[in-house]
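Pasted below: model.txt, compact mmCIF, C-alpha atoms.
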# COMPACT_ATOMS: atom_id res chain seq x y z
CA MET A 751 -10.54 -14.10 -10.15
CA ASP A 752 -14.34 -14.43 -10.20
CA ILE A 753 -14.08 -18.11 -9.18
CA LEU A 754 -11.82 -17.15 -6.29
CA LEU A 755 -14.22 -14.46 -5.12
CA THR A 756 -17.20 -16.84 -5.35
CA ALA A 757 -15.44 -19.50 -3.31
CA ALA A 758 -14.28 -16.95 -0.76
CA GLY A 759 -17.81 -15.60 -0.38
CA GLN A 760 -18.86 -18.95 1.08
CA LEU A 761 -16.43 -18.64 3.98
CA PRO A 762 -18.04 -18.13 7.41
CA ALA A 763 -17.82 -14.71 9.00
CA LEU A 764 -15.55 -14.15 11.97
CA PRO A 765 -17.26 -13.89 15.37
CA ALA A 766 -17.53 -10.40 16.86
CA GLU A 767 -15.27 -11.20 19.83
CA HIS A 768 -12.55 -12.40 17.45
CA GLY A 769 -12.82 -9.15 15.52
CA THR A 770 -12.24 -7.18 18.73
CA TRP A 771 -9.13 -9.18 19.54
CA LEU A 772 -7.82 -8.80 16.00
CA THR A 773 -8.35 -5.05 16.02
CA THR A 774 -6.53 -4.72 19.34
CA ALA A 775 -3.63 -6.89 18.21
CA ALA A 776 -3.37 -5.10 14.86
CA ARG A 777 -2.78 -1.76 16.56
CA PHE A 778 0.48 -3.11 17.95
CA LEU A 779 1.55 -5.54 15.25
CA PHE A 780 1.01 -3.37 12.15
CA PRO A 781 3.57 -0.67 13.07
CA ALA A 782 6.12 -3.28 14.17
CA LEU A 783 5.75 -5.35 10.99
CA ALA A 784 5.85 -2.27 8.76
CA LEU A 785 9.02 -1.07 10.49
CA LEU A 786 10.71 -4.45 10.10
CA ILE A 787 9.76 -4.72 6.40
CA LEU A 788 10.91 -1.22 5.46
CA THR A 789 14.10 -1.18 7.55
CA GLY A 790 15.17 -4.53 6.12
CA ALA A 791 14.70 -3.38 2.54
CA VAL A 792 16.28 0.04 3.04
CA ARG A 793 19.24 -1.37 4.99
CA SER A 794 19.98 -3.83 2.18
CA LEU A 795 19.83 -1.00 -0.36
CA LEU A 796 22.24 1.14 1.65
CA THR A 797 24.77 -1.56 2.54
CA VAL A 798 25.22 -3.03 -0.95
CA PRO A 799 27.59 -0.80 -2.97
CA HIS A 800 26.37 0.02 -6.46
CA GLU A 801 29.60 0.83 -8.27
CA PRO A 802 29.32 1.61 -11.99
CA GLU A 803 30.78 -0.97 -14.32
CA THR A 804 33.50 0.21 -16.67
CA TRP A 805 33.03 -0.93 -20.27
CA ALA A 806 36.03 0.78 -21.88
CA TYR A 807 38.46 3.68 -21.48
CA LEU A 808 38.95 6.84 -23.50
CA THR A 809 42.45 8.34 -23.32
CA LEU A 810 42.87 12.13 -23.44
CA PRO A 811 45.73 14.20 -24.86
CA ASN A 812 47.09 14.81 -21.34
CA GLY A 813 47.52 11.06 -20.81
CA ALA A 814 44.52 10.56 -18.52
CA ALA A 815 42.17 7.64 -19.14
CA VAL A 816 38.47 8.34 -18.61
CA PRO A 817 36.32 5.27 -17.85
CA LEU A 818 33.17 4.77 -19.93
CA THR A 819 30.59 3.58 -17.40
CA HIS A 820 27.51 3.82 -19.63
CA TRP A 821 26.41 2.20 -22.85
CA GLU A 822 25.47 5.68 -24.07
CA ASN A 823 28.10 8.36 -23.44
CA ILE A 824 27.88 12.02 -24.44
CA LEU A 825 31.25 13.64 -25.16
CA GLY A 826 31.66 17.40 -25.03
CA ARG A 827 32.67 20.53 -23.15
CA GLY A 828 29.42 21.03 -21.21
CA LYS A 829 28.95 20.25 -17.54
CA ALA A 830 26.13 17.74 -18.08
CA VAL A 831 28.05 15.36 -20.38
CA ASP A 832 29.42 11.93 -19.48
CA VAL A 833 32.98 12.57 -20.71
CA ARG A 834 34.01 16.21 -20.37
CA LEU A 835 36.69 17.59 -22.71
CA THR A 836 37.62 21.10 -21.60
CA TYR A 837 39.02 22.29 -24.92
CA PRO A 838 37.77 25.43 -26.72
CA THR A 839 37.42 23.61 -30.05
CA VAL A 840 35.08 20.98 -28.55
CA SER A 841 31.37 21.77 -28.51
CA ARG A 842 29.23 21.44 -25.38
CA ARG A 843 27.59 18.31 -26.82
CA HIS A 844 30.01 17.20 -29.48
CA ALA A 845 29.47 13.46 -30.04
CA ALA A 846 27.81 10.35 -28.64
CA LEU A 847 29.64 7.07 -28.09
CA ILE A 848 27.23 4.12 -27.85
CA ARG A 849 27.94 0.48 -27.09
CA SER A 850 25.92 -2.30 -28.74
CA PRO A 851 24.79 -5.50 -26.98
CA ALA A 852 27.44 -7.39 -28.98
CA GLY A 853 30.21 -5.24 -27.48
CA GLY A 854 30.95 -2.95 -30.45
CA TRP A 855 31.09 0.84 -30.26
CA THR A 856 29.62 3.46 -32.58
CA VAL A 857 30.30 7.20 -32.57
CA TYR A 858 27.60 9.67 -33.59
CA ASP A 859 28.21 13.25 -34.68
CA LEU A 860 25.82 15.56 -32.80
CA GLY A 861 26.23 18.41 -35.29
CA ALA A 862 29.32 19.98 -33.71
CA LEU A 863 31.13 22.71 -35.66
CA GLY A 864 34.52 21.10 -35.11
CA GLY A 865 33.37 17.83 -36.65
CA VAL A 866 34.19 14.22 -35.75
CA ARG A 867 36.94 12.08 -37.29
CA VAL A 868 37.88 8.41 -36.87
CA ASN A 869 41.45 7.61 -37.91
CA GLN A 870 41.61 10.91 -39.86
CA ARG A 871 38.40 10.09 -41.77
CA PRO A 872 35.45 12.49 -41.33
CA VAL A 873 32.30 11.00 -39.82
CA ALA A 874 29.05 11.73 -41.61
CA GLY A 875 26.32 10.89 -39.10
CA SER A 876 27.83 7.80 -37.47
CA ALA A 877 30.76 5.42 -37.80
CA PRO A 878 31.94 2.23 -36.05
CA LEU A 879 34.77 2.64 -33.57
CA ALA A 880 37.11 -0.23 -32.69
CA TYR A 881 39.55 -0.52 -29.83
CA GLY A 882 42.74 1.35 -30.67
CA ASP A 883 41.06 3.73 -33.13
CA VAL A 884 41.81 7.43 -32.84
CA LEU A 885 38.68 9.51 -32.25
CA GLU A 886 39.16 13.18 -33.07
CA LEU A 887 36.70 15.75 -31.70
CA GLY A 888 37.31 19.29 -32.89
CA GLY A 889 40.99 18.55 -33.37
CA VAL A 890 41.34 16.88 -29.96
CA GLU A 891 42.58 13.31 -30.36
CA THR A 892 41.39 10.52 -28.06
CA VAL A 893 41.87 6.75 -28.24
CA LEU A 894 39.34 4.06 -27.32
CA LEU A 895 40.95 1.32 -25.22
CA PRO A 896 39.47 -1.91 -23.81
CA VAL A 897 39.36 -2.77 -20.13
CA PRO A 898 42.71 -4.40 -19.20
CA PRO A 899 42.60 -8.17 -18.56
CA GLU A 900 43.99 -7.63 -15.06
CA GLU A 901 41.08 -5.39 -14.17
CA ARG A 902 38.52 -7.85 -15.55
CA GLN A 903 40.15 -10.67 -13.57
CA ARG A 904 40.14 -8.57 -10.41
CA ARG A 905 36.44 -7.84 -10.81
CA ARG A 906 35.63 -11.52 -11.18
CA THR A 907 37.70 -12.66 -8.18
CA GLU A 908 37.16 -9.87 -5.66
CA PRO A 909 34.48 -10.58 -3.03
CA ARG A 910 31.22 -8.72 -3.48
CA ILE A 911 28.64 -7.72 -0.92
CA ARG A 912 25.44 -9.36 -2.05
CA PRO A 913 21.94 -8.14 -1.16
CA ALA A 914 20.13 -9.80 1.70
CA PRO A 915 17.92 -12.77 0.71
CA PRO A 916 14.31 -11.72 0.12
CA TRP A 917 12.69 -14.51 2.15
CA ARG A 918 12.59 -12.72 5.51
CA GLY A 919 10.98 -9.62 4.03
CA LEU A 920 8.49 -11.69 2.05
CA PHE A 921 7.52 -13.71 5.12
CA LEU A 922 6.94 -10.55 7.18
CA LEU A 923 4.99 -8.96 4.33
CA THR A 924 2.83 -12.07 3.96
CA LEU A 925 2.13 -11.97 7.70
CA PHE A 926 1.23 -8.29 7.36
CA GLN A 927 -1.15 -9.08 4.50
CA ALA A 928 -2.81 -11.96 6.35
CA LEU A 929 -3.31 -9.87 9.48
CA ALA A 930 -4.69 -6.96 7.45
CA ALA A 931 -7.13 -9.23 5.59
CA LEU A 932 -8.41 -10.81 8.81
CA GLN A 933 -8.73 -7.49 10.62
CA LEU A 934 -10.56 -5.82 7.72
CA THR A 935 -12.88 -8.81 7.33
CA ALA A 936 -13.71 -8.73 11.04
CA SER A 937 -14.33 -4.97 11.01
CA GLU A 938 -16.71 -5.27 8.04
CA GLY A 939 -18.95 -7.66 9.94
CA PRO A 940 -21.05 -10.59 8.66
CA GLY A 941 -21.76 -8.92 5.32
CA ALA A 942 -18.12 -8.77 4.33
CA GLY A 943 -18.02 -12.28 2.90
CA GLY A 944 -14.61 -13.51 1.76
CA SER A 945 -13.79 -11.00 -0.94
CA ILE A 946 -11.21 -9.24 1.23
CA LEU A 947 -9.48 -12.52 2.06
CA ALA A 948 -9.53 -13.57 -1.60
CA VAL A 949 -7.98 -10.31 -2.84
CA PHE A 950 -5.19 -10.30 -0.27
CA ALA A 951 -4.51 -14.00 -0.90
CA CYS A 952 -4.24 -13.29 -4.63
CA LEU A 953 -1.76 -10.46 -4.02
CA ALA A 954 0.36 -12.68 -1.75
CA ALA A 955 0.37 -15.48 -4.34
CA VAL A 956 1.41 -13.10 -7.14
CA MET A 957 4.16 -11.67 -4.93
CA TRP A 958 5.67 -15.07 -4.14
CA ALA A 959 5.35 -16.27 -7.74
CA TYR A 960 7.05 -13.10 -9.02
CA VAL A 961 10.03 -13.50 -6.69
CA LEU A 962 10.40 -17.26 -7.21
CA VAL A 963 10.32 -17.02 -11.01
CA LEU A 964 12.91 -14.23 -11.16
CA ARG A 965 15.06 -15.89 -8.52
CA LEU A 966 15.10 -19.40 -9.94
CA LEU A 967 14.89 -18.78 -13.68
CA PHE A 968 16.65 -15.43 -14.13
CA ARG A 969 19.03 -15.55 -11.15
CA ARG A 970 17.86 -12.25 -9.72
CA VAL A 971 19.35 -11.42 -6.31
CA GLY A 972 18.02 -8.15 -4.95
CA PHE A 973 14.28 -7.61 -4.43
CA GLU A 974 14.33 -4.59 -2.13
CA MET A 975 12.41 -2.25 -4.43
CA GLU A 976 9.86 -4.95 -5.24
CA THR A 977 9.32 -5.58 -1.52
CA ILE A 978 8.62 -1.90 -0.93
CA ALA A 979 6.32 -1.80 -3.95
CA PHE A 980 4.30 -4.82 -2.75
CA PHE A 981 4.13 -3.27 0.73
CA LEU A 982 2.69 -0.05 -0.69
CA SER A 983 0.27 -2.09 -2.81
CA THR A 984 -0.90 -3.85 0.34
CA LEU A 985 -1.54 -0.49 1.98
CA SER A 986 -3.55 0.67 -1.04
CA LEU A 987 -5.71 -2.47 -0.88
CA GLY A 988 -6.22 -1.95 2.84
CA ILE A 989 -7.36 1.64 2.34
CA THR A 990 -9.72 0.57 -0.45
CA ALA A 991 -11.15 -2.26 1.66
CA SER A 992 -11.83 0.05 4.59
CA SER A 993 -13.58 2.70 2.52
CA HIS A 994 -15.13 0.97 -0.52
CA THR A 995 -14.99 -2.82 -0.37
CA SER A 996 -16.76 -3.37 -3.68
CA ALA A 997 -13.91 -1.60 -5.53
CA LEU A 998 -11.29 -3.96 -4.10
CA PRO A 999 -11.08 -6.29 -7.17
CA LYS A 1000 -10.58 -3.26 -9.43
CA GLN A 1001 -7.76 -2.00 -7.21
CA LEU A 1002 -6.12 -5.43 -7.33
CA ALA A 1003 -6.47 -5.49 -11.13
CA ALA A 1004 -4.78 -2.07 -11.29
CA VAL A 1005 -1.87 -3.37 -9.17
CA LEU A 1006 -1.44 -6.46 -11.37
CA LEU A 1007 -1.64 -4.36 -14.53
CA GLY A 1008 1.07 -2.05 -13.19
CA LEU A 1009 3.27 -5.07 -12.41
CA ALA A 1010 2.78 -6.44 -15.94
CA LEU A 1011 3.56 -3.08 -17.53
CA PHE A 1012 6.70 -2.80 -15.40
CA GLN A 1013 7.94 -6.16 -16.66
CA ILE A 1014 7.18 -5.24 -20.26
CA LEU A 1015 9.07 -1.98 -19.87
CA GLU A 1016 12.03 -3.79 -18.31
CA ILE A 1017 12.20 -6.20 -21.27
CA ILE A 1018 12.04 -3.32 -23.76
CA LEU A 1019 14.84 -1.38 -22.06
CA ARG A 1020 17.24 -4.32 -22.27
CA ASP A 1021 17.75 -3.75 -26.02
CA LEU A 1022 18.96 -0.28 -27.02
CA GLU A 1023 18.04 -0.80 -30.65
CA ARG A 1024 14.51 -1.72 -29.65
CA VAL A 1025 14.35 1.36 -27.43
CA LYS A 1026 15.39 3.63 -30.29
CA LYS A 1027 12.73 2.14 -32.53
CA LEU A 1028 9.96 2.51 -29.95
CA ARG A 1029 10.95 5.88 -28.48
CA TRP A 1030 8.45 7.87 -30.57
CA LEU A 1031 5.67 5.38 -29.84
CA MET A 1032 6.41 5.61 -26.11
CA ALA A 1033 6.47 9.42 -26.31
CA ALA A 1034 3.10 9.43 -28.07
CA ALA A 1035 1.66 7.09 -25.42
CA ALA A 1036 2.96 9.35 -22.64
CA MET A 1037 1.41 12.41 -24.31
CA GLY A 1038 -1.86 10.51 -24.65
CA LEU A 1039 -1.92 9.72 -20.93
CA ILE A 1040 -1.18 13.34 -20.08
CA ALA A 1041 -3.96 14.51 -22.41
CA LYS A 1042 -6.40 12.02 -20.88
CA ASP A 1043 -5.58 13.22 -17.37
CA TYR A 1044 -5.96 16.85 -18.46
CA THR A 1045 -9.33 16.05 -20.08
CA LYS A 1046 -10.51 14.36 -16.88
CA LYS A 1047 -9.61 17.44 -14.86
CA LEU A 1048 -11.51 19.65 -17.30
CA GLU A 1049 -14.57 17.42 -16.93
CA ILE A 1050 -14.37 17.79 -13.16
CA LEU A 1051 -14.13 21.55 -13.49
CA ASP A 1052 -17.07 21.63 -15.88
CA ALA A 1053 -19.14 19.63 -13.40
CA ILE A 1054 -18.74 22.36 -10.81
CA THR A 1055 -21.86 24.51 -11.12
CA LYS A 1056 -22.35 28.14 -10.23
CA GLU A 1057 -24.41 27.08 -7.23
CA ASP A 1058 -21.40 25.16 -5.89
CA LEU A 1059 -19.25 28.27 -6.22
CA ARG A 1060 -21.90 30.35 -4.45
CA SER A 1061 -21.99 27.82 -1.60
CA VAL A 1062 -18.22 27.99 -1.21
CA LYS A 1063 -18.39 31.78 -1.26
CA ARG A 1064 -21.06 31.83 1.46
CA LEU A 1065 -18.98 29.50 3.64
CA LEU A 1066 -15.94 31.71 3.25
CA GLN A 1067 -17.97 34.80 4.10
CA ARG A 1068 -19.31 33.15 7.26
CA LYS A 1069 -15.79 32.21 8.30
CA ILE A 1070 -14.59 35.76 7.72
CA ILE A 1071 -17.52 37.13 9.75
CA ARG A 1072 -16.74 34.75 12.62
CA CYS A 1073 -13.08 35.80 12.57
CA GLU A 1074 -14.08 39.46 12.58
CA LEU A 1075 -16.45 38.94 15.55
CA ALA A 1076 -13.73 37.10 17.47
CA ARG A 1077 -11.29 39.93 16.84
CA GLN A 1078 -13.81 42.51 18.07
CA VAL A 1079 -14.49 40.46 21.24
CA ASP A 1080 -10.75 40.27 21.92
CA ASN A 1081 -10.40 44.03 21.52
CA LEU A 1082 -13.35 44.63 23.86
CA TYR A 1083 -11.86 42.27 26.44
CA ILE A 1084 -8.50 44.09 26.30
CA SER A 1085 -10.15 47.48 26.71
CA VAL A 1086 -12.12 46.29 29.77
CA LEU A 1087 -8.94 44.97 31.36
CA ALA A 1088 -7.21 48.28 30.73
CA LYS A 1089 -10.00 50.27 32.39
CA SER A 1090 -10.29 48.00 35.42
CA GLY A 1091 -6.52 47.92 35.96
CA ASP A 1092 -6.73 44.27 36.93
CA GLU A 1093 -3.24 42.90 36.35
CA SER A 1094 -4.29 39.32 37.00
CA GLY A 1095 -6.44 39.29 33.90
CA GLU A 1096 -9.68 38.44 35.71
CA VAL A 1097 -12.77 40.63 35.10

Taking this structure as input, can you express it in the form of structure tokens?
Amino acid sequence: MDILLTAAGQLPALPAEHGTWLTTAARFLFPALALLILTGAVRSLLTVPHEPETWAYLTLPNGAAVPLTHWENILGRGKAVDVRLTYPTVSRRHAALIRSPAGGWTVYDLGALGGVRVNQRPVAGSAPLAYGDVLELGGVETVLLPVPPEERQRRRTEPRIRPAPPWRGLFLLTLFQALAALQLTASEGPGAGGSILAVFACLAAVMWAYVLVLRLLFRRVGFEMETIAFFLSTLSLGITASSHTSALPKQLAAVLLGLALFQILEIILRDLERVKKLRWLMAAAAMGLIAKDYTKKLEILDAITKEDLRSVKRLLQRKIIRCELARQVDNLYISVLAKSGDESGEV
């Protein structure tokens, strides 16, 4: 990054007349490009159906088959569960049925009074559950069944609406970034150097590399949310460049760090066993971030002196006095009008 900034600092500054033309053109092109980028991403999100995938079925005593559309399913009588069993002997959160990456199922007793049984055997904590096994919750018998072969075949053969390719949105976003970098560089004048161009070029390169790697190596299809995220990151860099150019590399580093953390979190969430092992560590990290933010706010409050509070109080008092004087002038004006009897309102 330092090498890129050093090389960019040797670039010649844009002439003043070019900066005027860029500023004028940007006023018309920025809203149009932003509208095209956002509408393309949002339209792709809305047109592609996101139907839940069924992993198995759970038959009920009345003969109905409830699809299991999650890897983690809460069974119970409550309204917030995944599979609702409206029987008085079933607790609100009776049991959890979890699928492993290998395709096996495990039932967990959540401490219900009615207990959990698998094939008439009581479950102490957890027990594996195979297809065809009878799962008893508080005396209510259910059966775990696999997805029928006909349904699996239909899912594989039926046509699917695929998301729009990301190339059009990426091209428009790259054009938006290039125009923003040139316009900001021109507005900064001769002392701007090439740091703004270098930072925006780095963001564009990371964006294209991110999409190409996921597209070619991992067969990713939809990049709508990433396009919106990179668009918002571009706006944040633009705001930073217009107000505090020297902080631009730090803002870019924060964006790249957020992207790296997002990828790490995505890898962690792919394995449920890994998630269960790291859940307490993640909770502790979240509490640490909350505590750090709270400490920062306390430091800001401590930095506010009594003199600052007195200044704010004086300003408020002056505003109140001005409002009171204005009200008295209005009342005097109304009384004069009433005495003169001038209906036109002119004194």

Using 10 Å as the limit and counting all atoms listed in the file, can you tabulate each residue of region 874-918 of chain A that touches region 842-864 of chain A, with its shortest atom-to-atom distance in Å and the two atoms involved, as a Markdown table?
| residue | atom | partner | partner_atom | distance |
| --- | --- | --- | --- | --- |
| A:Ala874 | CA | A:Asp859 | CA | 7.1 |
| A:Gly875 | CA | A:Asp859 | CA | 5.4 |
| A:Ser876 | CA | A:Tyr858 | CA | 4.3 |
| A:Ala877 | CA | A:Val857 | CA | 5.5 |
| A:Pro878 | CA | A:Thr856 | CA | 4.4 |
| A:Leu879 | CA | A:Trp855 | CA | 5.3 |
| A:Ala880 | CA | A:Trp855 | CA | 6.6 |
| A:Tyr881 | CA | A:Trp855 | CA | 8.6 |
| A:Leu885 | CA | A:Val857 | CA | 8.7 |
| A:Glu886 | CA | A:Gly864 | CA | 9.4 |
| A:Leu887 | CA | A:Gly864 | CA | 6.7 |
| A:Gly888 | CA | A:Gly864 | CA | 4.0 |
| A:Gly889 | CA | A:Gly864 | CA | 7.2 |
| A:Val890 | CA | A:Gly864 | CA | 9.5 |
| A:Leu894 | CA | A:Trp855 | CA | 9.3 |

Please, which residues in region 995-1035 of chain A fall within 8 Å of region 944-951 of chain A when counting only C-alpha atoms, and what is the closest atom pair and distance in Å to one decimal for each, ordered by chain then residue number, as a tab-separated table?
residue	atom	partner	partner_atom	distance
A:Thr995	CA	A:Ile946	CA	7.6
A:Leu998	CA	A:Val949	CA	7.3
A:Pro999	CA	A:Val949	CA	6.7
A:Leu1002	CA	A:Val949	CA	6.9

Requested in this report: Name the closest residue to Glu974 (chain A) among the candidates A:Lys829, A:Lys1042, A:Arg918, A:Arg871; distances are taken between atoms, counting all atoms listed in the file.
Outcome: A:Arg918

Residues of region 838-924 of chain A that approach region 976-988 of chain A to 9 Å or less, counting only C-alpha atoms: could you list each one with the shortest pair of atoms and its distance in Å to one decimal, rows by chain and increasing residue number, as a Markdown table?
| residue | atom | partner | partner_atom | distance |
| --- | --- | --- | --- | --- |
| A:Pro916 | CA | A:Thr977 | CA | 8.1 |
| A:Gly919 | CA | A:Thr977 | CA | 7.1 |
| A:Leu920 | CA | A:Thr977 | CA | 7.1 |
| A:Leu923 | CA | A:Phe981 | CA | 6.8 |

Could you write out that same residue set with C-alpha atoms as a CSV table (one decimal), in the coordinates of the input?
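Output file result_7.csv follows:
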chain,number,residue,atom,x,y,z
A,916,PRO,CA,14.3,-11.7,0.1
A,919,GLY,CA,11.0,-9.6,4.0
A,920,LEU,CA,8.5,-11.7,2.0
A,923,LEU,CA,5.0,-9.0,4.3

Query - Long-range neighbours of Val961 (chain A) as a PyMOL selection string, 9 Å cut-off, only C-alpha atoms, 2 positions minimum in chain - result: chain A and resi 916+956-959+963-966+970+973+976
